[in-house]
file coords-v4.cif (mmCIF, C-alpha atoms and all ligand atoms)
data_work
loop_
_atom_site.label_atom_id
_atom_site.label_comp_id
_atom_site.auth_asym_id
_atom_site.auth_seq_id
_atom_site.Cartn_x
_atom_site.Cartn_y
_atom_site.Cartn_z
CA MET Q 1052 -20.17 -5.60 9.23
CA ARG Q 1053 -17.78 -4.66 6.48
CA LEU Q 1054 -18.35 -1.72 4.16
CA LEU Q 1055 -16.75 -0.34 1.03
CA VAL Q 1056 -16.66 3.42 0.42
CA VAL Q 1057 -15.98 4.41 -3.20
CA GLU Q 1058 -15.38 8.17 -3.26
CA ASP Q 1059 -12.76 10.26 -5.04
CA GLU Q 1060 -12.97 13.38 -2.86
CA GLU Q 1061 -10.28 12.69 -0.29
CA ASP Q 1062 -11.72 14.71 2.60
CA LEU Q 1063 -15.14 13.16 2.20
CA ARG Q 1064 -13.69 9.66 1.81
CA ASN Q 1065 -11.57 10.02 4.94
CA GLY Q 1066 -14.47 11.53 6.87
CA LEU Q 1067 -16.80 8.70 5.90
CA GLU Q 1068 -14.18 6.08 6.70
CA GLN Q 1069 -13.58 7.51 10.15
CA ALA Q 1070 -17.26 8.02 10.99
CA LEU Q 1071 -18.20 4.50 9.90
CA ARG Q 1072 -15.29 2.98 11.81
CA GLU Q 1073 -16.45 4.80 14.91
CA GLU Q 1074 -19.82 3.12 14.38
CA GLY Q 1075 -18.04 -0.24 14.58
CA TYR Q 1076 -17.92 -1.08 10.89
CA ALA Q 1077 -14.86 -2.51 9.21
CA VAL Q 1078 -14.26 -0.11 6.31
CA ASP Q 1079 -12.36 -0.48 3.04
CA VAL Q 1080 -12.02 2.49 0.70
CA ALA Q 1081 -11.43 3.04 -3.00
CA PRO Q 1082 -10.50 6.43 -4.52
CA ASP Q 1083 -11.54 5.63 -8.09
CA GLY Q 1084 -14.03 3.55 -10.03
CA LYS Q 1085 -11.65 0.83 -11.18
CA GLU Q 1086 -10.45 -0.01 -7.69
CA GLY Q 1087 -14.03 0.30 -6.43
CA LEU Q 1088 -15.33 -2.30 -8.86
CA TYR Q 1089 -12.36 -4.57 -8.21
CA LYS Q 1090 -12.97 -4.56 -4.45
CA ALA Q 1091 -16.75 -4.77 -4.78
CA GLU Q 1092 -16.36 -7.95 -6.81
CA ALA Q 1093 -13.52 -9.41 -4.75
CA TRP Q 1094 -15.19 -9.19 -1.33
CA ASP Q 1095 -18.67 -9.84 0.03
CA TYR Q 1096 -19.33 -6.44 1.60
CA ASP Q 1097 -22.39 -5.91 3.77
CA ALA Q 1098 -23.00 -2.61 1.97
CA ILE Q 1099 -21.28 -0.26 -0.46
CA VAL Q 1100 -21.39 3.55 -0.41
CA LEU Q 1101 -20.87 4.50 -4.03
CA ASP Q 1102 -20.26 7.96 -5.45
CA VAL Q 1103 -21.62 8.56 -8.95
CA MET Q 1104 -18.98 10.88 -10.39
CA LEU Q 1105 -15.66 9.01 -10.19
CA PRO Q 1106 -12.43 8.89 -12.18
CA GLU Q 1107 -11.68 5.78 -14.29
CA MET Q 1108 -15.25 4.45 -14.17
CA ASP Q 1109 -18.42 6.14 -12.94
CA GLY Q 1110 -20.71 4.81 -10.24
CA TRP Q 1111 -23.42 3.76 -12.69
CA GLU Q 1112 -20.98 1.61 -14.65
CA ILE Q 1113 -19.74 0.00 -11.45
CA LEU Q 1114 -23.29 -0.67 -10.33
CA SER Q 1115 -24.44 -2.22 -13.58
CA ARG Q 1116 -21.36 -4.47 -13.73
CA LEU Q 1117 -21.66 -5.45 -10.08
CA ARG Q 1118 -25.34 -6.32 -10.43
CA LYS Q 1119 -24.51 -9.00 -13.00
CA LYS Q 1120 -22.70 -10.84 -10.21
CA LYS Q 1121 -23.79 -9.65 -6.77
CA LYS Q 1122 -26.69 -8.34 -4.73
CA THR Q 1123 -24.54 -6.32 -2.29
CA PRO Q 1124 -26.69 -3.42 -0.96
CA VAL Q 1125 -25.59 -0.16 -2.61
CA LEU Q 1126 -26.21 3.38 -1.40
CA MET Q 1127 -25.43 5.88 -4.16
CA LEU Q 1128 -24.15 9.38 -3.57
CA THR Q 1129 -25.19 11.82 -6.24
CA ALA Q 1130 -24.05 15.40 -6.55
CA ARG Q 1131 -27.01 16.20 -8.72
CA ASP Q 1132 -30.50 16.69 -7.50
CA GLY Q 1133 -31.99 15.55 -10.80
CA VAL Q 1134 -34.89 13.12 -10.68
CA ARG Q 1135 -33.51 11.43 -13.82
CA ASP Q 1136 -30.23 10.61 -12.10
CA ARG Q 1137 -31.98 9.08 -9.15
CA ILE Q 1138 -34.25 7.02 -11.39
CA LYS Q 1139 -31.23 5.84 -13.39
CA GLY Q 1140 -29.50 4.66 -10.21
CA LEU Q 1141 -32.56 2.85 -8.91
CA ASP Q 1142 -33.19 1.24 -12.32
CA LEU Q 1143 -29.62 -0.05 -12.38
CA GLY Q 1144 -30.14 -1.72 -9.02
CA ALA Q 1145 -29.16 0.84 -6.39
CA ASP Q 1146 -30.91 0.15 -3.08
CA ASP Q 1147 -30.92 3.73 -1.87
CA TYR Q 1148 -29.38 7.10 -2.65
CA LEU Q 1149 -28.40 10.34 -0.98
CA VAL Q 1150 -27.94 13.71 -2.65
CA LYS Q 1151 -24.75 15.60 -1.78
CA PRO Q 1152 -24.24 17.42 0.48
CA PHE Q 1153 -25.80 14.98 2.91
CA ASN Q 1154 -26.07 14.69 6.64
CA LEU Q 1155 -23.61 12.12 8.03
CA ALA Q 1156 -26.04 10.79 10.63
CA GLU Q 1157 -28.61 10.21 7.88
CA LEU Q 1158 -26.08 8.33 5.77
CA ILE Q 1159 -25.21 6.08 8.71
CA ALA Q 1160 -28.88 5.43 9.47
CA ARG Q 1161 -29.54 4.54 5.82
CA VAL Q 1162 -26.56 2.17 5.73
CA ARG Q 1163 -27.83 0.46 8.89
CA ALA Q 1164 -31.30 0.06 7.36
CA LEU Q 1165 -29.84 -1.38 4.13
CA ILE Q 1166 -27.84 -3.95 6.05
CA ARG Q 1167 -30.86 -4.95 8.14
CA ARG Q 1168 -33.06 -5.34 5.07
CA ALA Q 1169 -30.42 -7.43 3.29
CA ALA Q 1170 -30.10 -9.70 6.33
CA GLY Q 1171 -33.88 -10.10 6.45
CA THR Q 1172 -34.23 -8.38 9.82
CA PRO Q 1173 -36.09 -5.13 9.06
CA ASN Q 1174 -37.07 -4.82 12.70
CA PRO Q 1175 -34.18 -3.06 14.45
CA VAL Q 1176 -34.75 -4.83 17.77
CA VAL Q 1177 -33.94 -8.52 18.15
CA THR Q 1178 -34.89 -10.18 21.43
CA ILE Q 1179 -33.28 -13.41 22.55
CA ASP Q 1180 -34.52 -14.53 25.98
CA SER Q 1181 -33.69 -11.62 28.30
CA ILE Q 1182 -31.25 -10.08 25.82
CA ASN Q 1183 -32.30 -7.12 23.67
CA ILE Q 1184 -30.22 -6.17 20.64
CA ASP Q 1185 -31.16 -2.75 19.32
CA MET Q 1186 -29.61 -2.41 15.87
CA ALA Q 1187 -30.77 1.19 15.46
CA ALA Q 1188 -29.23 2.42 18.72
CA ARG Q 1189 -26.44 -0.20 18.44
CA THR Q 1190 -26.88 -1.21 22.05
CA ILE Q 1191 -27.37 -4.48 23.86
CA SER Q 1192 -29.15 -4.89 27.16
CA VAL Q 1193 -29.58 -7.87 29.43
CA ASP Q 1194 -32.59 -7.73 31.75
CA ASP Q 1195 -32.98 -4.06 30.70
CA ALA Q 1196 -29.44 -3.19 31.83
CA LEU Q 1197 -27.13 -1.88 29.10
CA VAL Q 1198 -23.97 -3.91 28.52
CA ALA Q 1199 -20.77 -1.97 27.79
CA LEU Q 1200 -19.31 -3.38 24.58
CA THR Q 1201 -16.56 -2.32 22.22
CA ALA Q 1202 -17.63 -1.48 18.66
CA ARG Q 1203 -16.11 -4.73 17.42
CA GLU Q 1204 -17.82 -6.84 20.07
CA TYR Q 1205 -21.12 -5.25 19.15
CA ALA Q 1206 -20.48 -5.90 15.44
CA LEU Q 1207 -19.79 -9.58 16.16
CA ILE Q 1208 -23.08 -9.96 18.03
CA GLU Q 1209 -25.05 -8.04 15.41
CA TYR Q 1210 -23.67 -10.19 12.60
CA LEU Q 1211 -24.53 -13.45 14.36
CA ALA Q 1212 -27.89 -12.25 15.72
CA SER Q 1213 -29.08 -11.12 12.30
CA ARG Q 1214 -28.36 -14.68 11.13
CA ARG Q 1215 -29.88 -16.29 14.17
CA GLY Q 1216 -29.83 -20.07 14.20
CA LYS Q 1217 -27.39 -20.22 11.30
CA VAL Q 1218 -23.83 -21.40 11.92
CA VAL Q 1219 -21.41 -18.75 10.63
CA SER Q 1220 -17.91 -19.88 9.71
CA ARG Q 1221 -14.81 -18.20 11.10
CA THR Q 1222 -13.79 -17.22 7.57
CA GLU Q 1223 -17.11 -15.45 7.01
CA LEU Q 1224 -16.76 -13.62 10.34
CA TYR Q 1225 -13.22 -12.52 9.50
CA ASP Q 1226 -14.38 -11.28 6.10
CA HIS Q 1227 -17.24 -9.26 7.56
CA LEU Q 1228 -15.76 -7.93 10.80
CA PHE Q 1229 -12.29 -6.91 9.77
CA SER Q 1230 -11.13 -4.59 6.99
CA GLU Q 1231 -8.02 -5.05 4.88
CA GLU Q 1232 -6.21 -2.63 7.19
CA ASP Q 1233 -6.90 -4.60 10.36
CA GLU Q 1234 -4.08 -6.75 11.57
CA SER Q 1235 -5.24 -10.28 11.09
CA TYR Q 1236 -3.97 -12.03 14.17
CA SER Q 1237 -5.41 -15.50 13.93
CA ASN Q 1238 -6.81 -15.37 17.46
CA LEU Q 1239 -8.44 -11.93 17.20
CA LEU Q 1240 -11.89 -13.43 16.73
CA ASP Q 1241 -11.46 -15.76 19.73
CA VAL Q 1242 -10.60 -12.78 21.91
CA HIS Q 1243 -13.81 -10.98 20.93
CA VAL Q 1244 -15.94 -14.10 21.38
CA CYS Q 1245 -14.40 -14.70 24.80
CA ASN Q 1246 -15.07 -11.09 25.89
CA VAL Q 1247 -18.69 -11.22 24.73
CA ARG Q 1248 -19.24 -14.44 26.68
CA LYS Q 1249 -17.80 -12.83 29.80
CA LYS Q 1250 -20.11 -9.85 29.44
CA ILE Q 1251 -23.35 -11.52 28.32
CA GLY Q 1252 -23.13 -15.18 29.29
CA LYS Q 1253 -21.04 -18.15 28.29
CA ASP Q 1254 -23.77 -19.80 26.21
CA PHE Q 1255 -24.80 -16.69 24.29
CA ILE Q 1256 -22.42 -17.38 21.42
CA GLN Q 1257 -22.06 -21.11 20.88
CA THR Q 1258 -19.12 -22.80 19.21
CA ARG Q 1259 -19.78 -25.47 16.62
CA ARG Q 1260 -16.47 -27.28 16.45
CA GLY Q 1261 -15.03 -27.25 12.95
CA HIS Q 1262 -17.92 -25.18 11.63
CA GLY Q 1263 -18.03 -21.81 13.36
CA TYR Q 1264 -20.26 -19.85 15.73
CA VAL Q 1265 -23.99 -19.47 16.23
CA ILE Q 1266 -26.46 -17.46 18.30
CA ASP Q 1267 -29.55 -19.61 18.71
CA CA O 1301 -17.01 12.33 -7.02
#

call {"tool": "encode", "arguments": {"input": "coords-v4.cif", "output": "structure tokens"}}
result
Amino acid sequence: MRLLVVEDEEDLRNGLEQALREEGYAVDVAPDGKEGLYKAEAWDYDAIVLDVMLPEMDGWEILSRLRKKKKTPVLMLTARDGVRDRIKGLDLGADDYLVKPFNLAELIARVRALIRRAAGTPNPVVTIDSINIDMAARTISVDDALVALTAREYALIEYLASRRGKVVSRTELYDHLFSEEDESYSNLLDVHVCNVRKKIGKDFIQTRRGHGYVID
């Protein structure tokens, strides 16, 4: 899953980027509103964390412009505890909000929930035969035994499992699993797919030649 963090406070932006990366997300960042809107429109992010008070263009302006084009889930960060501000954000199409200062674990949990809702899988546990994918705990077990996965391997499975039965193209996987900072070796995806098959079973992720990958 690929996220965009639009936040002008450098420490907070870096902290969010690092914490979300550690959760296995590919993360792009923008330090001002203009760059935030540009990236939000240019890429299909799985969710956007959007600060309200930003230089160049505020979060509300970004949101209202983005909503004319895209349904990307947006979590707004507001420094003010005013009910009016929250209502304004929700009216403009925000999916959720957090008031600063917020708890990092809560922000991560809310982002996870937004992504699940957008993918149409509000239930955090997906079961496929003897395989359990717990999207809240971000763990995968086979026959009740936990499988050790890297954050990126987990992200690959989560993306495909939340679109179960649908063939996902390699381009779409690259766009959602890797950030603009990741080195885009053309075989990076194949390496992750291969490792997941070794760990979970060779038929778990199926290849559709010329089309992409599917978990069915
Ligand atoms: Ca700010």

call {"tool": "residues_near_ligand", "arguments": {"input": "coords-v4.cif", "ligand": "ligand CA 1301 (chain O)", "cutoff": "12 Å", "atoms": "all atoms listed in the file", "output": "MDAnalysis selection string"}}
result
chainID Q and resid 1056:1064 1081:1084 1100:1110 1127:1131 1150:1152

call {"tool": "residues_around", "arguments": {"input": "coords-v4.cif", "residues": "region 1093-1095 of chain Q", "least_positions_apart": "4", "cutoff": "8 Å", "atoms": "only C-alpha atoms", "output": "ChimeraX atom specification"}}
result
/Q:1089,1123,1226-1227

call {"tool": "atom_distance", "arguments": {"input": "coords-v4.cif", "atom1": "CA of Asp1185 (chain Q)", "atom2": "CA of Tyr1205 (chain Q)"}}
result
10.3 Å

call {"tool": "atom_distance", "arguments": {"input": "coords-v4.cif", "atom1": "CA of Thr1201 (chain Q)", "atom2": "CA of Asp1146 (chain Q)"}}
result
29.2 Å

call {"tool": "closest_residue", "arguments": {"input": "coords-v4.cif", "among": "Q:Val1177, Q:Leu1165, Q:Val1134, Q:Leu1126", "to": "Arg1215 (chain Q)", "atoms": "all atoms listed in the file"}}
result
Q:Val1177

call {"tool": "residues_around", "arguments": {"input": "coords-v4.cif", "residues": "Ile1251 (chain Q)", "least_positions_apart": "2", "cutoff": "10 Å", "atoms": "all atoms listed in the file", "output": "ChimeraX atom specification"}}
result
/Q:1182,1191-1193,1198-1200,1246-1249,1253-1256

call {"tool": "atom_distance", "arguments": {"input": "coords-v4.cif", "atom1": "CA of Ala1145 (chain Q)", "atom2": "CA of Leu1071 (chain Q)"}}
result
20.0 Å

call {"tool": "closest_residue", "arguments": {"input": "coords-v4.cif", "among": "Q:Leu1224, Q:Val1162, Q:Leu1149, Q:Ala1156", "to": "Asp1241 (chain Q)", "atoms": "only C-alpha atoms"}}
result
Q:Leu1224

call {"tool": "residues_around", "arguments": {"input": "coords-v4.cif", "residues": "region 1206-1211 of chain Q", "least_positions_apart": "6", "cutoff": "8 Å", "atoms": "all atoms listed in the file", "output": "list of chain:residue names"}}
result
Q:Met1052, Q:Gly1075, Q:Tyr1076, Q:Ile1184, Q:Met1186, Q:Lys1217, Q:Val1219, Q:Leu1224, Q:Leu1228, Q:His1243, Q:Val1244, Q:Tyr1264, Q:Val1265, Q:Ile1266

call {"tool": "write_last_selection", "arguments": {"input": "coords-v4.cif", "atoms": "C-alpha atoms", "output": "mmCIF file, in the coordinates of the input"}}
result
data_model
loop_
_atom_site.group_PDB
_atom_site.id
_atom_site.type_symbol
_atom_site.label_atom_id
_atom_site.label_comp_id
_atom_site.auth_asym_id
_atom_site.auth_seq_id
_atom_site.Cartn_x
_atom_site.Cartn_y
_atom_site.Cartn_z
ATOM 1 C CA MET Q 1052 -20.170 -5.600 9.230
ATOM 2 C CA GLY Q 1075 -18.040 -0.240 14.580
ATOM 3 C CA TYR Q 1076 -17.920 -1.080 10.890
ATOM 4 C CA ILE Q 1184 -30.220 -6.170 20.640
ATOM 5 C CA MET Q 1186 -29.610 -2.410 15.870
ATOM 6 C CA LYS Q 1217 -27.390 -20.220 11.300
ATOM 7 C CA VAL Q 1219 -21.410 -18.750 10.630
ATOM 8 C CA LEU Q 1224 -16.760 -13.620 10.340
ATOM 9 C CA LEU Q 1228 -15.760 -7.930 10.800
ATOM 10 C CA HIS Q 1243 -13.810 -10.980 20.930
ATOM 11 C CA VAL Q 1244 -15.940 -14.100 21.380
ATOM 12 C CA TYR Q 1264 -20.260 -19.850 15.730
ATOM 13 C CA VAL Q 1265 -23.990 -19.470 16.230
ATOM 14 C CA ILE Q 1266 -26.460 -17.460 18.300
#

call {"tool": "closest_residue", "arguments": {"input": "coords-v4.cif", "among": "Q:Leu1155, Q:Ser1181, Q:Gly1087, Q:Lys1120", "to": "Gly1066 (chain Q)", "atoms": "all atoms listed in the file"}}
result
Q:Leu1155

call {"tool": "residues_near_point", "arguments": {"input": "coords-v4.cif", "point": "(-15.5, -22.8, 11.6)", "cutoff": "8 Å", "atoms": "all atoms listed in the file", "output": "PyMOL selection string"}}
result
chain Q and resi 1219-1222+1259-1264

call {"tool": "residues_around", "arguments": {"input": "coords-v4.cif", "residues": "Gly1171 (chain Q)", "least_positions_apart": "4", "cutoff": "9 Å", "atoms": "only C-alpha atoms", "output": "NGL selection string"}}
result
:Q and (1166-1167 or 1213-1214)

call {"tool": "closest_residue", "arguments": {"input": "coords-v4.cif", "among": "Q:Asp1079, Q:Glu1112, Q:Asp1267, Q:Glu1074", "to": "Ala1212 (chain Q)", "atoms": "only C-alpha atoms"}}
result
Q:Asp1267

call {"tool": "axis_aligned_box", "arguments": {"input": "coords-v4.cif", "around": "region 1169-1187 of chain Q", "padding_each_side": "5 Å", "output": "JSON"}}
result
{"center_x": -33.3, "center_y": -6.7, "center_z": 15.8, "size_x": 17.5, "size_y": 25.7, "size_z": 35.0}
